[in-house]
Structures are given as structure tokens and as C-alpha cells.
Amino acid sequence: MIARSAPRGITVAALLSDAFGGHGGIAKFNRDLLRALDAAPQVTRTVALPRLAHFQIDEMIPETVVFDRLAARGKLAYVLRCSKLLARFDTSLDLIICGHINLLPLAWLLARFTHSRLALIIHGIEGWQPTHRFLTDRLAGRVDHVISVSRFSAERFAAWSRIDQDRTFVLPNCVDLRRFQPAERDPRLVERYGLERRRVIMTVGRLAKTERYKGFDEVLTILPRLRKRFPELAYLIVGDGDDRPRLEDRVRSLGLTGAVVFTGQISESEKVAHYNLADLYVMPSSGEGFGIVYLEAAACGVPIIGSRTDGSQEALCDGEIGQLVDPLNLEEVYEAVERMLLSTASRRRHPKLAYFSEDMFRSRFVEWMSRVMDTGGSAIRQ
């Protein structure tokens with residue numbers, strides 16, 4: 001735990017895509033961020049405005065965080081809540097955190113009128129190239145600070161925004177190592193998905209038409225060949241989205257009905273049990289900014305195959321935590337899966353995972369807060 005000293009009166013506003021009541025890697029990062037702000041000794045209050053909150057909030061919101069759920073009632077409601085925030089705090093805000101580049105124009109206006117410092121968070125592919133929205137792209141290089149989940153995403157963002165590297169801080173995702181633990185397969189889930197006496201490879205992710213870089217198609221392409229080598233093999237796809245019908249059609253066209261199981265959306269409380277169904281986690285992605293799912297699978301002791309061409313390599317510590325492959329080289333992907341399924345090595349956690357603990361995340365963020373809020377200079381770059 002981080003010891004709390006006497007507060008110095010810093011007030012933060014966080015404009016977020018989602019957090020509590022959200023689902024997925026960005027929502028998870030934002031929840032961890034709000035907890036880190038609560039742990040920062042110099043922060044006395046954080047007002048968080050989520051753009052979306054689709055799910056019931058079943059986690060405790062930190063004591064110093066005001067989580068404005070009314071902001072998640074649509075675009076107009078979001079703008080109105082931001083306006084109310086401006087009227088309420090006027091010039092008493094110290095830091096605006098913009099949790100997604102699409103929210104940057106609104107965050108920049110808040111920072112401008114309150115004379116606050118402005119930090120932009122870059123998660124992944126959304127920040128790798130210009131958004132082609134004039135105002136957003138123009139403001140991207142004018143923020144005071146950039147927080148990126150990986151060096152890879154930071155470098156891609158800097159290449160087009162031309163922001164100075166000294167304004168960038170890498171804050172990797174984290175995993176709850178107390179909750180994500182190796183365990184025996186849950187018999188209820190085994191029965192639910194028909195996995196008795198079957199070996200299981202798994203991918204977890206949103207099945208979205210805009211996120212086909214996750215690697216589902218690549219795994220499906222090599223699966224018929226893998227099934228000839230391992231007839232008992234099943235592919236568990238955990239997640240849901242608007243691309244699921246296309247993937248289901250592809251499964252049928254490949255003759256893989258019965259070999260591929262779509263679980264649909266699962267609750268956070270079921271995540272650990274699902275990871276522990278897997279003999280191997282496979283996600284040969286080409287657009288991940290980091291990949292929290294790699295950490296969650298690794299914390300459960302599941303062997304991993306990930307990509308060497310995006311931010312995944314940083315989540316896997318350049319291959320120390322998992323096997324890295326080129327997702328465009330399907331022969332390489334196949335050989336890696338075959339080799340790891342044939343391996344007799346026991347499941348275990350890699351000691352490097354300690355680097356991605358929640359305590360380390362909070363310590364890194366508190367250190368960053370201390371550094372940037374102690375520096376002088378103008379809050380908003382003209």
C-alpha cells in the first residue's frame with residue numbers, strides 16, 4: 001500500500017470513455033487509473049465523467065472519486081455535465097485527464113478555461129495514426145502530457161502528432177495477481193461448453209468489425225490443420241460483438257462446427273475460471289496497444305502465444321512471458337501452437353508478472369503525478 005500524507009489540494013477531472021460499469025481493456029485501465037488517483041497523496045478529489053456505463057457497477061468506487069454516472073446518458077448529457085463541471089470549478093481544477101483521443105476537443109476546452117494541465121491517454125490503434133478530424137489532430141500535439149500503455153503506441157502517436165518525447169510517460173496495464181490465479185477447470189464450465197476430455201486453445205476479446213486485428217481469423221485458418229494433429233482440440237472464443245455472425249459463418253464454412261465454442265460476453269466474476277479452462281492462450285494480433293488479456297492469462301499460468309508486431313510484445317516482456325510470432329506468417333503461428341501443445345512443461349506463473357502488479361501501477365502513476373505537478377510552466381500549450 002502507498003502511504004497517504006497530508007493532501008496538497010490537487011483536483012483532477014477525468015474525461016473517460018468508460019470505467020466502472022464498462023467492459024474491456026480500456027475500462028479496466030480507467031478503473032485502475034481512478035484507484036491510482038485515489039492513492040496519490042497530493043490528490044484530494046477526482047471528478048470522473050464516463051462517456052458510457054453499460055453494465056451494473058459491482059465494484060467499490062474509491063473514496064476521493066466522484067463518479068458522475070449522469071454523464072453516460074448520451075452525447076448531449078456528456079457535454080452538459082462537462083459544462084456543469086466547468087461552472088462548478090472554474091479555475092480550481094489542476095489537471096484534466098483525457099482518457100480517449102476522441103474526447104480531446106472537449107478536454108482541451110475544459111483545460112483552456114480552467115488553466116489546467118492536460119494529459120492525454122493513448123491506449124492503442126486509435127492513436128497510431130491521425131483521426132482525420134481536423135480539430136482533434138491539431139490539438140494532439142499540444143497537450144502537456146501523454147500517458148501511453150506501451151512504448152510502441154507512444155512512438156506511433158509521436159510519429160504523426162510530433163509531440164516531444166519528454167512529454168510522454170509509459171504506464172503499462174496491470175493485473176490483479178491476487179485474483180487471477182492458476183486453478184483446476186471448473187466442472188460447470190466444462191459441461192456448459194462440452195469440453196470433457198478436450199484440449200482447449202483460447203482467445204479473449206471483443207468481436208467487433210472494427211477490431212478484426214485481434215487474431216481470431218488467423219487461428220480459425222490454421223485450426224483445420226491443427227485438428228488433424230490434435231483431433232480433441234477445441235477453440236474457445238470468449239467475447240461478443242457485431243462481428244460474431246461473420247465468424248460463425250466462417251466456422252461453418254471451414255467445417256469446424258463443434259470444434260469452436262463461442263461463449264458470448266462473460267462477467268468479470270467468471271473470467272478467472274474461463275482462463276483456467278485453457279491449455280494455451282493464442283492471440284496473434286496486429287493492432288493491440290498492449291493487451292491486458294495476456295497478463296490475465298499469464299497470471300493464471302496459461303502458456304501464451306502473442307504478436308511481435310504490435311504492443312503485445314511489451315505485455316509479454318519481449319518473449320519472456322510468452323511466445324512471440326508474426327501474425328501474418330500463418331506457418332509460424334501453426335508451428336508455435338503445435339510446439340506448445342506438445343510441450344510437457346507444467347503451468348506456472350512467470351516471475352516477471354510482478355512488474356505488472358496493481359501496486360506497481362499505482363506507484364508508477366503516483367511518481368508521475370508528483371513529477372508533473374511539481375513542474376512549472378504554462379498549463380496549456382498555445
# chains A, B, ... in the order shown; residues from 1 in each chain; ligands from 1

$ residues_around --residues "A:Glu248" --least-positions-apart "6" --cutoff "9 Å" --atoms "only C-alpha atoms" --output "PyMOL selection string"
chain A and resi 257+260+262

$ residues_around --residues "A:Leu177" --least-positions-apart "5" --cutoff "8 Å" --atoms "only C-alpha atoms" --output "JSON, numbers by chain"
{"A": [299, 357, 358]}

$ closest_residue --among "A:Ser286, A:Thr114, A:Thr221, A:Ser161" --to "A:Leu85" --atoms "only C-alpha atoms"
A:Thr114

$ residues_around --residues "A:Trp108" --least-positions-apart "6" --cutoff "10 Å" --atoms "only C-alpha atoms" --output "PDB file with C-alpha atoms, in the first residue's frame"
ATOM      1  CA  ILE A  96      -7.527  17.337 -16.865  1.00  0.00           C
ATOM      2  CA  ILE A  97      -7.013  13.716 -17.909  1.00  0.00           C
ATOM      3  CA  CYS A  98      -8.430  12.879 -21.334  1.00  0.00           C
ATOM      4  CA  THR A 114      -9.664  26.335 -16.094  1.00  0.00           C
ATOM      5  CA  SER A 116      -5.308  23.275 -16.003  1.00  0.00           C
ATOM      6  CA  ARG A 117      -2.624  20.948 -17.250  1.00  0.00           C
ATOM      7  CA  LEU A 118      -3.882  18.471 -19.852  1.00  0.00           C
ATOM      8  CA  ALA A 119      -2.833  14.827 -20.123  1.00  0.00           C
ATOM      9  CA  LEU A 120      -3.963  12.562 -22.969  1.00  0.00           C
ATOM     10  CA  THR A 136      -8.572  16.558 -32.767  1.00  0.00           C
ATOM     11  CA  LEU A 139      -4.726  19.504 -30.692  1.00  0.00           C
ATOM     12  CA  ALA A 140      -2.985  16.137 -30.326  1.00  0.00           C
ATOM     13  CA  ARG A 142      -0.455  20.475 -27.996  1.00  0.00           C
ATOM     14  CA  VAL A 143      -1.288  18.590 -24.836  1.00  0.00           C
ATOM     15  CA  ILE A 380      -2.000  24.781 -21.891  1.00  0.00           C
TER      16      ILE A 380
END

$ residues_around --residues "A:Phe180" --least-positions-apart "3" --cutoff "10 Å" --atoms "only C-alpha atoms" --output "list of chain:residue names"
A:Val175, A:Asp176, A:Leu177, A:Ala183, A:Lys271, A:Val272, A:Ala273, A:Tyr275, A:Asn276, A:Leu295, A:Glu296, A:Ala297, A:Ala298, A:Ala299, A:Cys300, A:Gly301

$ atom_distance --atom1 "atom CA of A:Gln165" --atom2 "atom CA of A:Ser370"
18.7 Å
